[in-house]
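Structure file my_file14.cif with mmCIF, C-alpha atoms and all ligand atoms:
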data_data
loop_
_atom_site.label_atom_id
_atom_site.label_comp_id
_atom_site.auth_asym_id
_atom_site.auth_seq_id
_atom_site.Cartn_x
_atom_site.Cartn_y
_atom_site.Cartn_z
CA MET A 1 140.68 108.54 140.69
CA PRO A 2 143.60 107.31 138.58
CA ASP A 3 145.43 110.70 138.34
CA GLY A 4 148.74 108.98 137.61
CA GLN A 5 148.87 107.74 141.19
CA GLU A 6 150.78 104.56 140.67
CA LEU A 7 154.28 104.61 139.42
CA SER A 8 154.08 101.38 137.54
CA GLN A 9 152.73 103.55 134.75
CA PRO A 10 154.86 105.03 131.98
CA PRO A 11 156.39 108.50 132.43
CA ARG A 12 153.75 111.18 132.47
CA PRO A 13 153.62 114.35 130.40
CA ALA A 14 154.75 117.54 132.14
CA THR A 15 151.30 118.71 133.11
CA ALA A 16 149.91 115.44 134.47
CA GLY A 17 149.30 115.40 138.18
CA ALA A 18 148.83 119.17 138.56
CA SER A 19 145.81 118.92 140.81
CA PRO A 20 143.01 121.32 141.64
CA MET A 21 144.92 121.91 144.89
CA ALA A 22 147.32 124.01 142.88
CA GLY A 23 145.39 127.09 143.95
CA THR A 24 145.04 130.37 142.14
CA LEU A 25 148.37 132.00 142.96
CA SER A 26 149.34 133.08 139.50
CA GLY A 27 146.04 133.55 137.77
CA VAL A 28 144.80 131.90 134.61
CA GLY A 29 146.10 128.97 132.66
CA ALA A 30 147.41 125.58 133.63
CA GLU A 31 149.84 126.05 136.43
CA GLN A 32 153.25 124.41 136.44
CA PRO A 33 153.85 121.94 139.23
CA ALA A 34 156.00 123.49 141.99
CA VAL A 35 158.38 120.55 141.82
CA GLU A 36 158.56 117.71 139.40
CA PHE A 37 160.78 114.64 139.33
CA ARG A 38 161.00 112.89 136.02
CA ASN A 39 162.38 109.38 136.28
CA ILE A 40 165.33 110.27 138.45
CA ASP A 41 168.07 107.94 139.65
CA ILE A 42 170.50 108.90 142.39
CA ALA A 43 173.60 106.84 143.11
CA TYR A 44 176.23 106.96 145.83
CA GLY A 45 179.16 105.39 144.02
CA LYS A 46 177.83 102.09 142.71
CA PHE A 47 174.89 101.99 145.11
CA VAL A 48 171.66 103.22 143.55
CA ALA A 49 169.75 104.85 146.43
CA VAL A 50 166.84 106.18 144.32
CA ARG A 51 165.58 104.44 141.20
CA ASP A 52 163.25 105.76 138.48
CA PHE A 53 161.46 108.12 140.84
CA SER A 54 158.72 110.32 139.35
CA LEU A 55 156.51 112.74 141.22
CA SER A 56 154.62 115.90 140.41
CA ILE A 57 153.95 118.29 143.29
CA ALA A 58 151.22 120.90 142.93
CA LYS A 59 151.93 124.46 144.05
CA GLY A 60 150.85 125.15 147.61
CA SER A 61 150.43 121.50 148.49
CA PHE A 62 151.87 119.51 151.37
CA VAL A 63 153.45 116.28 150.21
CA THR A 64 155.02 113.70 152.49
CA LEU A 65 157.65 111.13 151.66
CA LEU A 66 156.96 108.23 154.00
CA GLY A 67 159.00 105.07 154.30
CA PRO A 68 161.36 103.00 156.39
CA SER A 69 164.91 103.97 157.24
CA GLY A 70 167.24 103.91 154.25
CA CYS A 71 164.52 104.01 151.55
CA GLY A 72 165.89 107.24 150.05
CA LYS A 73 163.72 109.99 151.56
CA THR A 74 166.56 112.29 152.60
CA THR A 75 168.36 111.61 149.34
CA ILE A 76 165.36 112.87 147.36
CA LEU A 77 165.10 116.03 149.47
CA ARG A 78 168.81 116.63 149.04
CA SER A 79 168.42 116.37 145.28
CA ILE A 80 165.84 119.18 145.26
CA ALA A 81 168.18 121.41 147.22
CA GLY A 82 171.09 120.54 144.94
CA LEU A 83 173.02 118.84 147.74
CA VAL A 84 173.32 115.61 145.78
CA ASP A 85 173.57 115.03 142.03
CA ILE A 86 171.09 112.93 140.11
CA SER A 87 172.50 110.35 137.71
CA ALA A 88 169.46 110.10 135.44
CA GLY A 89 166.22 111.95 134.81
CA GLN A 90 165.30 115.57 135.47
CA ILE A 91 164.20 117.76 138.33
CA MET A 92 162.02 120.77 137.55
CA ILE A 93 161.27 123.55 140.02
CA GLY A 94 158.51 125.92 138.93
CA GLY A 95 158.68 124.43 135.45
CA ARG A 96 162.42 125.06 135.06
CA ARG A 97 165.01 122.36 134.84
CA VAL A 98 167.43 122.73 137.75
CA ASP A 99 169.84 119.84 137.30
CA ASP A 100 172.69 122.27 136.69
CA VAL A 101 171.57 125.08 138.98
CA PRO A 102 173.89 125.27 142.02
CA ILE A 103 172.49 125.10 145.54
CA TYR A 104 172.88 128.82 146.29
CA LYS A 105 170.78 129.73 143.26
CA ARG A 106 167.88 127.47 144.22
CA ASN A 107 165.32 129.28 146.32
CA ILE A 108 164.69 126.51 148.84
CA GLY A 109 164.03 126.57 152.60
CA LEU A 110 165.35 123.67 154.64
CA VAL A 111 164.51 122.34 158.09
CA PHE A 112 166.30 119.28 159.42
CA GLN A 113 165.83 116.86 162.28
CA SER A 114 168.57 118.47 164.36
CA TYR A 115 167.83 122.15 164.65
CA ALA A 116 171.17 123.10 163.11
CA LEU A 117 170.97 126.64 164.50
CA PHE A 118 174.20 128.56 164.95
CA PRO A 119 174.66 128.15 168.73
CA HIS A 120 176.56 131.39 169.32
CA LYS A 121 174.33 133.58 167.21
CA SER A 122 171.17 135.19 168.52
CA VAL A 123 167.73 134.16 167.30
CA PHE A 124 167.69 137.32 165.18
CA ASP A 125 170.99 136.49 163.48
CA ASN A 126 169.94 132.88 162.97
CA VAL A 127 166.69 133.85 161.29
CA ALA A 128 168.26 136.74 159.36
CA PHE A 129 170.98 134.52 157.93
CA GLY A 130 169.33 133.79 154.58
CA LEU A 131 168.32 137.44 154.14
CA LYS A 132 171.79 138.87 154.84
CA TYR A 133 173.17 136.33 152.44
CA ARG A 134 170.77 137.68 149.81
CA ASN A 135 171.78 141.30 150.54
CA VAL A 136 168.35 142.38 151.74
CA PRO A 137 168.46 145.94 153.21
CA LYS A 138 168.64 146.11 157.02
CA PRO A 139 165.22 147.64 157.85
CA GLU A 140 163.60 145.04 155.65
CA ILE A 141 165.54 142.29 157.39
CA ARG A 142 164.24 143.50 160.75
CA ARG A 143 160.69 143.58 159.47
CA LYS A 144 160.86 140.15 157.87
CA VAL A 145 162.53 138.51 160.88
CA GLY A 146 159.85 140.03 163.14
CA LYS A 147 157.13 138.70 160.88
CA ALA A 148 158.66 135.20 160.71
CA LEU A 149 158.98 135.09 164.52
CA ASP A 150 155.34 136.14 164.85
CA MET A 151 154.39 133.38 162.53
CA VAL A 152 156.14 130.68 164.57
CA ARG A 153 154.66 132.26 167.71
CA LEU A 154 157.95 133.40 169.23
CA PRO A 155 157.62 137.18 168.89
CA GLY A 156 160.20 139.26 170.70
CA SER A 157 162.74 136.42 171.00
CA GLU A 158 165.30 138.13 168.74
CA LYS A 159 167.99 138.57 171.40
CA LYS A 160 167.86 135.06 172.86
CA LEU A 161 170.46 132.39 172.19
CA PRO A 162 169.38 128.93 170.98
CA SER A 163 170.58 127.42 174.29
CA GLN A 164 167.95 129.51 176.10
CA LEU A 165 165.14 127.85 174.14
CA SER A 166 163.43 124.46 174.44
CA GLY A 167 163.77 121.87 171.68
CA GLY A 168 160.37 122.77 170.27
CA GLN A 169 161.19 126.48 170.33
CA GLN A 170 164.51 125.86 168.59
CA GLN A 171 162.69 123.95 165.90
CA ARG A 172 160.30 126.89 165.48
CA ILE A 173 163.32 129.16 164.99
CA ALA A 174 164.68 126.74 162.40
CA LEU A 175 161.29 126.96 160.67
CA ALA A 176 161.32 130.77 160.84
CA ARG A 177 164.79 130.76 159.31
CA ALA A 178 163.59 128.54 156.47
CA ILE A 179 160.50 130.58 155.58
CA VAL A 180 161.80 134.11 156.17
CA PHE A 181 163.04 134.59 152.60
CA GLU A 182 159.81 133.22 151.12
CA PRO A 183 161.36 130.24 149.36
CA GLN A 184 159.68 128.55 146.42
CA VAL A 185 159.70 125.24 148.26
CA LEU A 186 160.07 124.28 151.90
CA LEU A 187 161.84 120.99 152.62
CA LEU A 188 161.35 119.43 156.04
CA ASP A 189 163.40 116.35 156.89
CA GLU A 190 161.96 114.64 159.98
CA PRO A 191 161.74 118.01 161.74
CA LEU A 192 159.74 116.62 164.64
CA SER A 193 161.59 113.43 165.47
CA ALA A 194 163.82 115.00 168.13
CA LEU A 195 160.82 116.33 170.06
CA ASP A 196 158.80 114.61 172.77
CA ALA A 197 155.34 113.24 171.92
CA ASN A 198 153.32 116.24 173.14
CA MET A 199 155.52 118.80 171.46
CA ARG A 200 155.47 116.73 168.30
CA GLU A 201 151.70 116.87 168.07
CA GLU A 202 151.61 120.57 168.77
CA MET A 203 154.24 121.22 166.09
CA ARG A 204 152.35 119.10 163.56
CA VAL A 205 149.41 121.45 163.82
CA GLU A 206 151.67 124.49 163.86
CA ILE A 207 153.62 123.53 160.73
CA LYS A 208 150.45 122.72 158.86
CA LYS A 209 148.93 126.06 159.84
CA ILE A 210 151.97 128.04 158.73
CA GLN A 211 152.12 126.12 155.46
CA LYS A 212 148.46 126.95 154.78
CA GLU A 213 148.83 130.60 155.74
CA THR A 214 151.89 131.15 153.59
CA GLY A 215 150.66 128.94 150.75
CA ILE A 216 154.18 127.56 150.46
CA THR A 217 154.77 124.20 148.77
CA ALA A 218 156.07 121.83 151.43
CA ILE A 219 157.82 118.49 151.10
CA PHE A 220 157.94 116.70 154.39
CA VAL A 221 159.88 113.55 155.24
CA THR A 222 158.94 111.15 157.99
CA HIS A 223 158.81 107.49 158.86
CA ASP A 224 155.91 108.17 161.23
CA GLN A 225 152.67 107.11 159.55
CA GLU A 226 150.47 109.12 161.88
CA GLU A 227 152.39 112.28 161.06
CA ALA A 228 152.03 111.53 157.37
CA LEU A 229 148.32 110.74 157.55
CA SER A 230 147.44 113.79 159.63
CA MET A 231 149.46 116.45 157.80
CA SER A 232 149.59 115.64 154.12
CA ASP A 233 147.60 116.46 151.01
CA ARG A 234 149.39 113.58 149.36
CA ILE A 235 151.62 110.81 150.63
CA VAL A 236 154.38 109.09 148.69
CA VAL A 237 155.01 105.68 150.25
CA MET A 238 158.59 104.73 149.48
CA ASN A 239 160.28 101.36 149.51
CA ALA A 240 163.94 100.72 148.67
CA GLY A 241 164.49 103.83 146.55
CA SER A 242 161.19 103.75 144.65
CA ALA A 243 157.67 105.01 145.19
CA GLU A 244 155.22 102.20 145.93
CA GLN A 245 152.11 104.36 145.95
CA ILE A 246 151.21 108.03 145.70
CA GLY A 247 147.85 109.29 146.88
CA ALA A 248 145.75 111.17 149.39
CA PRO A 249 146.05 109.90 152.99
CA GLU A 250 142.66 108.12 152.90
CA GLU A 251 143.51 106.54 149.61
CA VAL A 252 146.85 105.02 150.60
CA TYR A 253 145.41 103.91 153.93
CA GLU A 254 142.10 102.50 152.70
CA ARG A 255 143.27 101.24 149.34
CA PRO A 256 146.91 100.20 149.65
CA ALA A 257 148.36 99.37 146.22
CA THR A 258 150.74 96.74 147.53
CA ALA A 259 151.34 94.45 150.49
CA PHE A 260 154.23 96.70 151.50
CA VAL A 261 151.99 99.77 151.73
CA ALA A 262 149.28 97.85 153.61
CA ASP A 263 151.80 96.64 156.10
CA PHE A 264 153.83 99.83 156.51
CA LEU A 265 150.90 102.19 156.83
CA GLY A 266 149.07 100.98 159.90
CA LYS A 267 148.70 97.44 161.04
CA ALA A 268 146.73 95.49 158.46
CA ASN A 269 145.52 91.92 158.81
CA MET A 270 146.87 90.01 155.83
CA LEU A 271 144.88 86.84 155.33
CA PRO A 272 146.17 84.43 152.67
CA GLY A 273 143.71 82.28 150.80
CA THR A 274 142.60 80.96 147.43
CA VAL A 275 139.73 81.98 145.19
CA SER A 276 137.00 79.40 145.74
CA ARG A 277 134.31 80.94 143.56
CA SER A 278 134.61 83.56 140.85
CA ASP A 279 131.31 83.45 138.97
CA GLY A 280 129.02 85.99 140.60
CA PRO A 281 130.26 87.17 143.99
CA THR A 282 133.92 86.32 144.50
CA THR A 283 134.64 84.14 147.49
CA VAL A 284 137.97 83.34 149.04
CA LYS A 285 138.77 80.36 151.17
CA LEU A 286 141.18 81.56 153.81
CA ALA A 287 144.14 79.48 154.93
CA SER A 288 142.51 79.50 158.35
CA GLY A 289 139.55 77.55 156.94
CA GLN A 290 136.74 80.13 156.66
CA THR A 291 135.23 81.37 153.43
CA VAL A 292 134.67 85.11 152.91
CA ASN A 293 133.02 87.26 150.25
CA VAL A 294 135.13 89.95 148.63
CA LEU A 295 134.71 92.47 145.83
CA SER A 296 136.63 91.98 142.62
CA PRO A 297 135.97 93.91 139.41
CA LEU A 298 137.95 91.33 137.45
CA PRO A 299 137.05 87.70 137.13
CA LEU A 300 139.68 85.78 139.05
CA ALA A 301 140.90 82.32 138.17
CA GLN A 302 139.55 79.59 140.36
CA ASP A 303 142.14 78.50 142.97
CA SER A 304 144.42 81.50 142.37
CA ALA A 305 146.31 82.64 145.44
CA VAL A 306 145.24 85.97 146.96
CA THR A 307 145.58 87.90 150.19
CA VAL A 308 142.61 89.55 151.85
CA VAL A 309 143.71 92.74 153.63
CA VAL A 310 141.48 93.99 156.43
CA ARG A 311 142.26 96.95 158.68
CA PRO A 312 141.63 96.40 162.40
CA GLN A 313 139.10 99.28 162.31
CA LYS A 314 137.02 97.50 159.67
CA LEU A 315 136.35 94.54 161.93
CA SER A 316 133.38 94.49 164.25
CA ILE A 317 132.65 92.13 167.08
CA GLY A 318 129.18 90.60 166.93
CA GLY A 319 127.25 92.82 164.51
CA ALA A 320 125.60 91.94 161.23
CA SER A 321 128.50 91.98 158.75
CA ALA A 322 128.45 89.78 155.65
CA ASN A 323 131.65 87.95 156.59
CA ARG A 324 131.84 86.27 159.98
CA LEU A 325 134.96 84.80 161.54
CA PRO A 326 134.41 82.98 164.83
CA GLY A 327 137.39 82.97 167.16
CA ARG A 328 138.70 83.36 170.67
CA ILE A 329 140.27 86.43 172.26
CA VAL A 330 143.99 86.05 172.84
CA SER A 331 144.65 89.51 174.25
CA ALA A 332 142.82 92.77 174.86
CA SER A 333 144.22 96.28 175.29
CA TYR A 334 141.83 98.95 176.44
CA LEU A 335 142.31 102.29 174.65
CA GLY A 336 139.45 104.24 176.21
CA GLY A 337 136.31 104.13 174.05
CA SER A 338 137.68 101.23 172.03
CA ALA A 339 139.96 98.26 172.50
CA ILE A 340 142.45 96.36 170.41
CA TYR A 341 141.72 92.66 170.48
CA GLU A 342 143.87 89.91 169.15
CA VAL A 343 141.61 87.07 168.11
CA ASP A 344 142.65 83.53 167.21
CA ILE A 345 140.45 82.43 164.29
CA GLY A 346 142.07 79.01 163.99
CA GLY A 347 144.59 77.69 161.48
CA LYS A 348 147.35 79.49 163.41
CA THR A 349 145.88 82.83 162.36
CA ASN A 350 145.51 85.77 164.74
CA ILE A 351 143.56 88.85 163.72
CA ARG A 352 143.74 92.33 165.22
CA ALA A 353 140.43 94.08 165.66
CA ASN A 354 139.93 97.62 166.89
CA ALA A 355 136.40 97.54 168.23
CA SER A 356 134.34 100.00 170.23
CA ILE A 357 133.54 99.02 173.79
CA ASP A 358 129.98 97.89 174.19
CA GLY A 359 129.48 97.77 177.95
CA ARG A 360 132.74 96.11 178.93
CA VAL A 361 136.15 95.11 177.65
CA LEU A 362 136.08 91.48 176.59
CA SER A 363 138.57 89.21 178.26
CA GLU A 364 141.10 86.67 177.17
CA GLY A 365 139.61 83.30 176.26
CA GLU A 366 136.13 84.62 175.40
CA ALA A 367 134.52 83.35 172.21
CA VAL A 368 133.65 86.11 169.74
CA GLU A 369 132.52 86.51 166.16
CA LEU A 370 134.50 89.00 164.10
CA GLY A 371 132.73 90.56 161.15
CA PHE A 372 133.62 92.62 158.10
CA ASP A 373 131.89 93.59 154.88
CA PRO A 374 133.16 92.83 151.37
CA ASP A 375 133.84 96.53 150.78
CA GLY A 376 135.86 96.71 154.02
CA CYS A 377 138.75 94.74 152.59
CA VAL A 378 141.24 94.91 149.73
CA LEU A 379 142.38 91.99 147.65
CA LEU A 380 146.04 91.48 146.66
CA ASP A 381 147.31 89.07 144.02
CA GLU A 382 150.12 86.60 144.44
CA ALA A 383 152.72 89.29 143.76
CA GLY A 384 151.24 91.46 146.50
CA ARG A 385 149.55 93.98 144.15
CA ARG A 386 146.04 95.23 144.68
CA ILE A 387 143.52 93.56 142.36
CA SER A 388 140.43 95.61 143.04
N1 LIG B 1 176.61 109.88 151.47
C1 LIG B 1 176.25 108.61 151.26
N2 LIG B 1 177.11 107.70 150.78
C2 LIG B 1 176.75 106.42 150.53
N3 LIG B 1 175.51 105.95 150.74
C3 LIG B 1 174.60 106.79 151.24
C4 LIG B 1 174.91 108.16 151.53
N4 LIG B 1 173.81 108.75 152.01
C5 LIG B 1 172.87 107.79 152.02
N5 LIG B 1 173.32 106.63 151.58
C6 LIG B 1 172.55 105.38 151.42
O1 LIG B 1 171.45 105.64 150.57
C7 LIG B 1 170.28 105.01 151.04
C8 LIG B 1 169.19 106.05 151.24
O2 LIG B 1 169.59 106.93 152.29
P1 LIG B 1 168.68 108.09 152.83
O3 LIG B 1 169.46 108.85 153.82
O4 LIG B 1 168.12 108.84 151.69
O5 LIG B 1 167.53 107.26 153.54
P2 LIG B 1 166.29 107.79 154.41
O6 LIG B 1 165.07 107.23 153.78
O7 LIG B 1 166.36 109.26 154.58
O8 LIG B 1 166.52 107.03 155.79
P3 LIG B 1 166.29 107.54 157.32
O9 LIG B 1 164.83 107.36 157.59
O10 LIG B 1 167.12 106.59 158.12
O11 LIG B 1 166.74 108.96 157.42
C9 LIG B 1 170.67 104.27 152.32
O12 LIG B 1 170.89 102.94 151.99
C10 LIG B 1 171.95 104.94 152.73
O13 LIG B 1 172.78 104.04 153.41
MG MG B 2 166.65 110.48 156.24
#

How does the structure come out when it is put into structure tokens?
Amino acid sequence: MPDGQELSQPPRPATAGASPMAGTLSGVGAEQPAVEFRNIDIAYGKFVAVRDFSLSIAKGSFVTLLGPSGCGKTTILRSIAGLVDISAGQIMIGGRRVDDVPIYKRNIGLVFQSYALFPHKSVFDNVAFGLKYRNVPKPEIRRKVGKALDMVRLPGSEKKLPSQLSGGQQQRIALARAIVFEPQVLLLDEPLSALDANMREEMRVEIKKIQKETGITAIFVTHDQEEALSMSDRIVVMNAGSAEQIGAPEEVYERPATAFVADFLGKANMLPGTVSRSDGPTTVKLASGQTVNVLSPLPLAQDSAVTVVVRPQKLSIGGASANRLPGRIVSASYLGGSAIYEVDIGGKTNIRANASIDGRVLSEGEAVELGFDPDGCVLLDEAGRRIS
């Protein structure tokens, strides 16, 4: 669905992108997006860290900014909180322009990578901080802190000090502190990256559950693609201060808009070639010598340069796929149930295939035939943009 997903399009009107996910929180009528960026730039001195960034975030949704280090993820979060000024464009929260609203007047919950708890304050005082600051009466503070601690599954921990808690527990307290005053938006900047792998997975589920239960709009930052794919309603793939693609996890994974997205989000096989036939079914002659059938809604010029992108999961070994690539196994890693094979298909081209194990793991040197169907690949043009 087009839905204004790609940012190469002109600026959208205010209501575009408000999705059905917006929920029914405030009754009838078209709901305002919870957060909207309209063509913002953010500069540190002369360095432009974020350029012409536009995004509309539906109320109650979970949106992830995903991208490599330095691409501007934290900078964008900081701009929502009012911690950094934008140099062009507008930011709207709940339909209101907030460019000139100071940080303390924005109703935003923040969770960072480092827990940033006050080390000498108790859990209660840490969580109560935002409420005291807002002059909430004491009995209500006690009730709300209790409820927030229940929610992060640390009930009764009010008197503990952060040093008496594990990393994961401290991060739960940081989360409780961020949600206790029922902010309009919850910002999470790599909140799981300091945790070990097991704890990270557990917290993924936990954060998602709390977000659903509270119906809070969450903006999550990570450079971990698995985290992004498993948690998000929508993913914004960022590259050098701009959004490359915005879409649902399956969409950005299955139909990457650019070579950058294909490469960053999971390991894709990128096979260069030239269009060898464009009347009727499109065929591409790969640099490695084989010819494959692909789908293209547009007629492509004969001999134009393209890249065929195939995910390792879309390749079968043996099987009856339309496209067959004979080759030899270079390496095999057993994953339990499936294996990752690296297969040399000639012409100095190695392909990664993630295939299920049929009887045994194939070994190095064995001859195999890789297969994929025309609808199992995406075609990019010479500039690295998706054609189909
Ligand atoms: N206070 C600052 N002064 C000058 N440049 C900055 C400042 N903060 C960030 N930058 C630069 O802006 C760019 C974007 O930084 P940002 O912290 O937003 O990246 P990020 O995507 O969050 O990266 P990471 O994944 O490493 O956290 C980087 O090139 C960074 O060096
Ligand atoms: Mg960052």

### Query
If we count all atoms listed in the file, what is near range 352-369 of chain A at a cut-off of 12 Å, once residues fewer than 5 positions away on the same chain are taken out, given as an MDAnalysis selection string?
chainID A and resid 266:271 309:346

Please determine an axis-aligned box that encloses all atoms of ligand LIG 1 (chain B) listed in the file, with 5 Å added on each side, and express its centre and edge lengths in Å to one decimal as JSON.
{"center_x": 171.0, "center_y": 106.4, "center_z": 154.3, "size_x": 22.3, "size_y": 16.9, "size_z": 17.6}

### Task
For Ala178 in chain A, please output as a PyMOL selection string all residues within 7 Å (counting only C-alpha atoms; exclusion window: fewer than 5 positions along the same chain).
chain A and resi 109-111

Residues from last step as file, C-alpha atoms, as a tab-separated table (two decimals), in the coordinates of the input:
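Saved to selection12.tsv:
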chain	number	residue	atom	x	y	z
A	109	GLY	CA	164.03	126.57	152.60
A	110	LEU	CA	165.35	123.67	154.64
A	111	VAL	CA	164.51	122.34	158.09

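Within 9 Å of range 184-187 of chain A there are A:Ala34, A:Val35, A:Lys59, A:Gly60, A:Leu77, A:Arg78, A:Ile80, A:Ala81, A:Ile93, A:Gly94, A:Arg106, A:Asn107, A:Ile108, A:Gly109, A:Leu110, A:Val111, A:Phe112, A:Ala178, A:Gln211, A:Ile216, A:Thr217, A:Ala218, A:Ile219, A:Phe220, A:Val221, counting only C-alpha atoms and ignoring same-chain residues fewer than 6 positions away.
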
Would you mind listing, for every residue of chain A within 8 Å of ligand LIG 1 (chain B), the two atoms forming the shortest contact and the distance between them in Å to one decimal, using all atoms listed in the file, sorted by chain and ascending residue number, as JSON lines?
{"residue": "A:Ala43", "atom": "CA", "partner": "B:LIG1", "partner_atom": "O1", "distance": 7.9}
{"residue": "A:Tyr44", "atom": "CA", "partner": "B:LIG1", "partner_atom": "C2", "distance": 4.8}
{"residue": "A:Gly45", "atom": "CA", "partner": "B:LIG1", "partner_atom": "C2", "distance": 7.0}
{"residue": "A:Phe47", "atom": "CA", "partner": "B:LIG1", "partner_atom": "N3", "distance": 6.9}
{"residue": "A:Val48", "atom": "CA", "partner": "B:LIG1", "partner_atom": "O1", "distance": 7.4}
{"residue": "A:Ala49", "atom": "CA", "partner": "B:LIG1", "partner_atom": "O1", "distance": 4.5}
{"residue": "A:Val50", "atom": "CA", "partner": "B:LIG1", "partner_atom": "C8", "distance": 7.3}
{"residue": "A:Gly67", "atom": "CA", "partner": "B:LIG1", "partner_atom": "O6", "distance": 6.5}
{"residue": "A:Pro68", "atom": "CA", "partner": "B:LIG1", "partner_atom": "O9", "distance": 5.7}
{"residue": "A:Ser69", "atom": "CA", "partner": "B:LIG1", "partner_atom": "O9", "distance": 3.4}
{"residue": "A:Gly70", "atom": "CA", "partner": "B:LIG1", "partner_atom": "O5", "distance": 3.4}
{"residue": "A:Cys71", "atom": "CA", "partner": "B:LIG1", "partner_atom": "O6", "distance": 4.0}
{"residue": "A:Gly72", "atom": "CA", "partner": "B:LIG1", "partner_atom": "O4", "distance": 3.2}
{"residue": "A:Lys73", "atom": "CA", "partner": "B:LIG1", "partner_atom": "O6", "distance": 3.8}
{"residue": "A:Thr74", "atom": "CA", "partner": "B:LIG1", "partner_atom": "O7", "distance": 3.6}
{"residue": "A:Thr75", "atom": "CA", "partner": "B:LIG1", "partner_atom": "O4", "distance": 3.6}
{"residue": "A:Ile76", "atom": "CA", "partner": "B:LIG1", "partner_atom": "O4", "distance": 6.5}
{"residue": "A:Glu190", "atom": "CA", "partner": "B:LIG1", "partner_atom": "O11", "distance": 7.9}
{"residue": "A:Val221", "atom": "CA", "partner": "B:LIG1", "partner_atom": "O7", "distance": 7.8}
{"residue": "A:Thr222", "atom": "CA", "partner": "B:LIG1", "partner_atom": "O9", "distance": 7.0}
{"residue": "A:His223", "atom": "CA", "partner": "B:LIG1", "partner_atom": "O9", "distance": 6.2}
{"residue": "A:Ala240", "atom": "CA", "partner": "B:LIG1", "partner_atom": "C8", "distance": 7.9}
{"residue": "A:Gly241", "atom": "CA", "partner": "B:LIG1", "partner_atom": "C8", "distance": 7.0}

### Task
Could you give me, as number ranges by chain, the residues that sit within 12 Å of (169.3, 119.8, 135.9) in the file's coordinates, counting all atoms listed in the file?
A: 36-38, 40, 79-82, 84-93, 95-103, 106

Produce a file of the selected residues containing C-alpha atoms, as an mmCIF file, keeping the file's coordinate frame.
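Below is the file out37.cif, written as the result:
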data_model
loop_
_atom_site.group_PDB
_atom_site.id
_atom_site.type_symbol
_atom_site.label_atom_id
_atom_site.label_comp_id
_atom_site.auth_asym_id
_atom_site.auth_seq_id
_atom_site.Cartn_x
_atom_site.Cartn_y
_atom_site.Cartn_z
ATOM 1 C CA GLU A 36 158.560 117.710 139.400
ATOM 2 C CA PHE A 37 160.780 114.640 139.330
ATOM 3 C CA ARG A 38 161.000 112.890 136.020
ATOM 4 C CA ILE A 40 165.330 110.270 138.450
ATOM 5 C CA SER A 79 168.420 116.370 145.280
ATOM 6 C CA ILE A 80 165.840 119.180 145.260
ATOM 7 C CA ALA A 81 168.180 121.410 147.220
ATOM 8 C CA GLY A 82 171.090 120.540 144.940
ATOM 9 C CA VAL A 84 173.320 115.610 145.780
ATOM 10 C CA ASP A 85 173.570 115.030 142.030
ATOM 11 C CA ILE A 86 171.090 112.930 140.110
ATOM 12 C CA SER A 87 172.500 110.350 137.710
ATOM 13 C CA ALA A 88 169.460 110.100 135.440
ATOM 14 C CA GLY A 89 166.220 111.950 134.810
ATOM 15 C CA GLN A 90 165.300 115.570 135.470
ATOM 16 C CA ILE A 91 164.200 117.760 138.330
ATOM 17 C CA MET A 92 162.020 120.770 137.550
ATOM 18 C CA ILE A 93 161.270 123.550 140.020
ATOM 19 C CA GLY A 95 158.680 124.430 135.450
ATOM 20 C CA ARG A 96 162.420 125.060 135.060
ATOM 21 C CA ARG A 97 165.010 122.360 134.840
ATOM 22 C CA VAL A 98 167.430 122.730 137.750
ATOM 23 C CA ASP A 99 169.840 119.840 137.300
ATOM 24 C CA ASP A 100 172.690 122.270 136.690
ATOM 25 C CA VAL A 101 171.570 125.080 138.980
ATOM 26 C CA PRO A 102 173.890 125.270 142.020
ATOM 27 C CA ILE A 103 172.490 125.100 145.540
ATOM 28 C CA ARG A 106 167.880 127.470 144.220
#

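Going from CA of Ile235 in chain A to CA of Glu250 in chain A covers 9.6 Å.
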